[in-house]
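Following: one structure in structure tokens, then a few remarks.
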Amino acid sequence: MTDLAPLQPDATPAVHDAATLAVLHAMEEAAEKHLDAIRPHNTKRSYANDWALWEEFHGWLAERTGQPLPLTAVTKGTLVGFVVWLDTIKLAAPNSIDRRITGVTVTARNEHGIEVPKAATVAARQALKPLKNDPERMARGRGKAAAATPEQLRQMNAAVADGLTGLRDRALWLTAFSIAGRSAEVAALRAEAIVHVSQGLEVHVPAVKGRPPRDVVVHEGKNVDTCPVRAWLTWRAAAGITSGPAFLPITVHGRLGNRALSPEAVREIIARNAERAGLSVRLTGHSMRAGFITTSRRAGKREEKIREQSGHAENSPAFWGYIREADKWTDAASEDIGL
């Protein structure tokens, strides 16, 4: 019996005529439409959120490099950078990052016609692998943001960077705390809407994401290191700001930008300064808002006055959760019961 010679793979790619190519292209389009039609609504919504984060990452990157990149530049470098940004700036859990890699690559292909190189996704998941072995990172997103305290703000002040960046950062986190501001609200503040009066500051917090605007007052602090009024006036004078965005980006060379910081940049500044101070807890943008509510309540302030500052609705579960936390040790049921 004669051995059959092994079949050799055809190294020449198939060449199709125009009619065949047209049919193949139509089949590709039909397949994409079919897959999109059967894809669950929640999955589509998740992919849309993933792409919104991709856009936010590009905005953050442009603030630092001065060179905006096209959103369709889904490369090894940008995708690994996205992973690092989600981990260090957004403080996202590794499993969430893994999902977002998929969301970005699928959206790039289906919505923008960009086929992401396999090397890019492989590299992104290589960067993700050690993060999945970190128990602290895997536990992210399973609890509420830590509420900042005045003592922690003093620690942050002691470790703040020198120069204009330090003045901005201090004013930013103290303003965020004192107005109980969301990161998006702090980013949207206008210098002309922060008015210095004899008692302190009158601040107009603009409407963001459909939430109503509010006007709040910020009293002068007794501690020079954590006085939000002093910090704002010092930053305003040093930056020469009279109108426009209250907080601006600053380049590595110390030059002021002319656009408002993004909400993500606000969160990054707070998280970076907390880490710089060596705090034992991780603070996020929301830590300033939560911290104001609990600190104010422990100082004996009335619920309605605190809500005026924070903008919470009267029946807000989140607000009353903060109040319960602040009141936990006040007249505790186990106090002075004869034990």
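Chain identifiers are assigned as A, B, and so on, following the order in which chains appear in the structure tokens; residues are numbered from 1 within each chain, and ligands are numbered from 1 in order of appearance.
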- Message: For the structure I just gave you, how does DSSP split segment 201-292 of chain A - specifically, which residues are strand (DSSP E or B)? Reply as a ChimeraX atom specification.
- Response: /A:201-205,214-219,245,250,256
- Query: If you count only C-alpha atoms, which residues fall within 12 Å of Val195 of chain A, apart from same-chain ones fewer than 4 positions away, as a ChimeraX atom specification?
  - Reply: /A:189-191,199-205,215-219,229,232-233,236,242-243,246
- Message: Using DSSP secondary structure from the backbone, list all helix (DSSP H, G or I) positions within segment 95-204 of chain A, as number ranges by chain.
- Response: A: 95-112, 118-132, 135-138, 150-158, 163-178, 183-188, 191-193
- Distance criterion (only C-alpha atoms): nearest to Arg214 of chain A out of A:Ser287, A:Ala274, A:Glu308, A:Phe292: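 Under the stated criterion, the closest residue is A:Glu308.
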- Query: Contacts of Ser262 of chain A at 9 Å or less, counting only C-alpha atoms, minus same-chain residues fewer than 6 places along, as a ChimeraX atom specification?
  - Reply: /A:56,59-60,183-184,187-188
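Picture a line from atom CA of Pro130 of chain A to atom CA of Arg64 of chain A; it runs 26.2 Å.
Comparing A:Leu24, A:Ala332, A:Ala265, A:Ala231 by their smallest distance to Leu61 of chain A, the closest is A:Ala265 (using only C-alpha atoms).
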- Taking into account only C-alpha atoms, which residue in the set A:Asp331, A:Ala318, A:Asn110, A:Ile269 is nearest to Val186 of chain A? A:Ile269
